[in-house]
Amino acid sequence: MTKINVKDKLQDETLDLSLCDIEEVPVKEIATIRRAKHLDLSNNALVSLPRTFVTLTQVIKLDLSKNMLTEIPENFGEMMQLKHLDLYSNKISRLPLSLGKLKNLKWLDLKENPLTPAVASVAGPCSNASECQACARKIVTYLANVQLTVEEEKQRRINAISEAEKVIVPKKEGKKKKKTSEKMKVKGNIDLQSSNQKFDDTEQNDGKFFSMNDSEQRKSKNTKGRGICSSLCKSLLFLLLWTIFFCLLIVLGTIVFPVFDNQRTQETIRYLETETGLPIRHYQQIGKNTMGKVINETLVWTDKLKEILQDYYKQFFLYESNLKKST
């Protein structure tokens with residue numbers, strides 16, 4: 001679309017922008033021309049009107065005939081000063097309800113548009129000035145009534161929802177109160193049964209009621225405290241034993257595994273030293289030395305235990321055998 005100097009198209013109060021191949025209405029440029037009471041946009045390539053079109057408050061007569069408009073903006077009813085509207089030969093199928101606010105509209109042409117049957121029957125033929133005037137009056141009245149009906153229906157639905165909420169809430173509260181009262185009744189019956197049972201038990205025991213005195217209560221508290229401490233100590237001891245067990249497994253693995261596969265053990269140690277930065281080989285040597293000392297100490301104590309058992313055998317069993325022989 002070529003750039004159009006809008007001001008050059010103004011003659012008296014008429015701004016003639018027809019046959020200009022306009023695809024978009026230059027609203028800002030037109031709004032600056034306050035003298036333009038009659039705006040002619042006919043015979044262009046308009047598909048839609050921007051929502052800002054209603055800012056053209058100075059326009060009284062508007063010609064949009066022979067375009068490709070499919071609809072009119074929803075806020076079109078804000079052009080309250082509009083008296084003449086020509087929408088002949090477009091592709092409009094529906095009209096905005098806000099059009100019912102155009103009380104000053106005296107002339108309306110909707111011919112050659114794919115209107116809905118209801119709107120088309122209200123609009124009429126519009127083949128002369130009197131019919132176009134009647135069309136404007138009927139369409140404005142019809143759309144105003146539809147708008148009023150829609151608003152009443154919305155209000156009716158809102159009232160129905162609010163009434164339903166008022167009815168539902170007390171019902172729910174009543175159900176809750178009923179449930180709580182039933183629960184209280186059941187609880188009262190249970191308490192009554194339990195109290196009767198306790199009373200019967202006391203009658204069977206010569207009418208004596210047994211209750212826990214202060215010393216027994218202190219004893220129960222002390223036993224509870226000792227029970228908690230004992231369970232905590234058991235848990236800590238269990239954790240300590242498992243830690244020692246896993247450490248022994250690791251030590252045994254680093255000491256015993258090289259006997260079966262020395263090459264893979266060395267590779268594993270190098271990998272661990274690289275990843276952790278710890279002297280694993282040094283720890284392995286310490287483990288070997290410690291294990292050797294343990295084995296040596298075990299052998300020494302085994303020999304000593306063997307000697308002790310032999311002495312015990314000689315002193316006890318041989319002494320008894322000699323006694324039997326002498327008798």
# chains A, B, ... in the order shown; residues from 1 in each chain; ligands from 1
$ residues_around --residues "stretch 29-36 of chain A" --least-positions-apart "6" --cutoff "7 Å" --atoms "only C-alpha atoms" --output "PDB file with C-alpha atoms, in the first residue's frame"
ATOM      1  CA  VAL A   6      -4.427  12.141   4.490  1.00  0.00           C
ATOM      2  CA  GLU A  13     -15.742  18.462   6.286  1.00  0.00           C
ATOM      3  CA  THR A  14     -15.367  15.421   4.051  1.00  0.00           C
ATOM      4  CA  LEU A  15     -12.255  13.214   4.201  1.00  0.00           C
ATOM      5  CA  LEU A  56     -12.483   9.075  15.767  1.00  0.00           C
ATOM      6  CA  GLN A  58     -15.477  13.706  15.306  1.00  0.00           C
ATOM      7  CA  VAL A  59     -16.964  11.410  12.611  1.00  0.00           C
TER       8      VAL A  59
END
$ atom_distance --atom1 "atom CA of A:Gln81" --atom2 "atom CA of A:Glu152"
26.9 Å
$ closest_residue --among "A:Leu82, A:Asp12, A:Asn75, A:Ser65" --to "A:Arg51" --atoms "only C-alpha atoms"
A:Asn75
$ closest_residue --among "A:Lys7, A:Pro50, A:Trp242, A:Leu105" --to "A:Ala134" --atoms "only C-alpha atoms"
A:Leu105
$ atom_distance --atom1 "atom CA of A:Leu69" --atom2 "atom CA of A:Lys91"
5.5 Å
$ atom_distance --atom1 "atom CA of A:Leu87" --atom2 "atom CA of A:Leu110"
5.4 Å
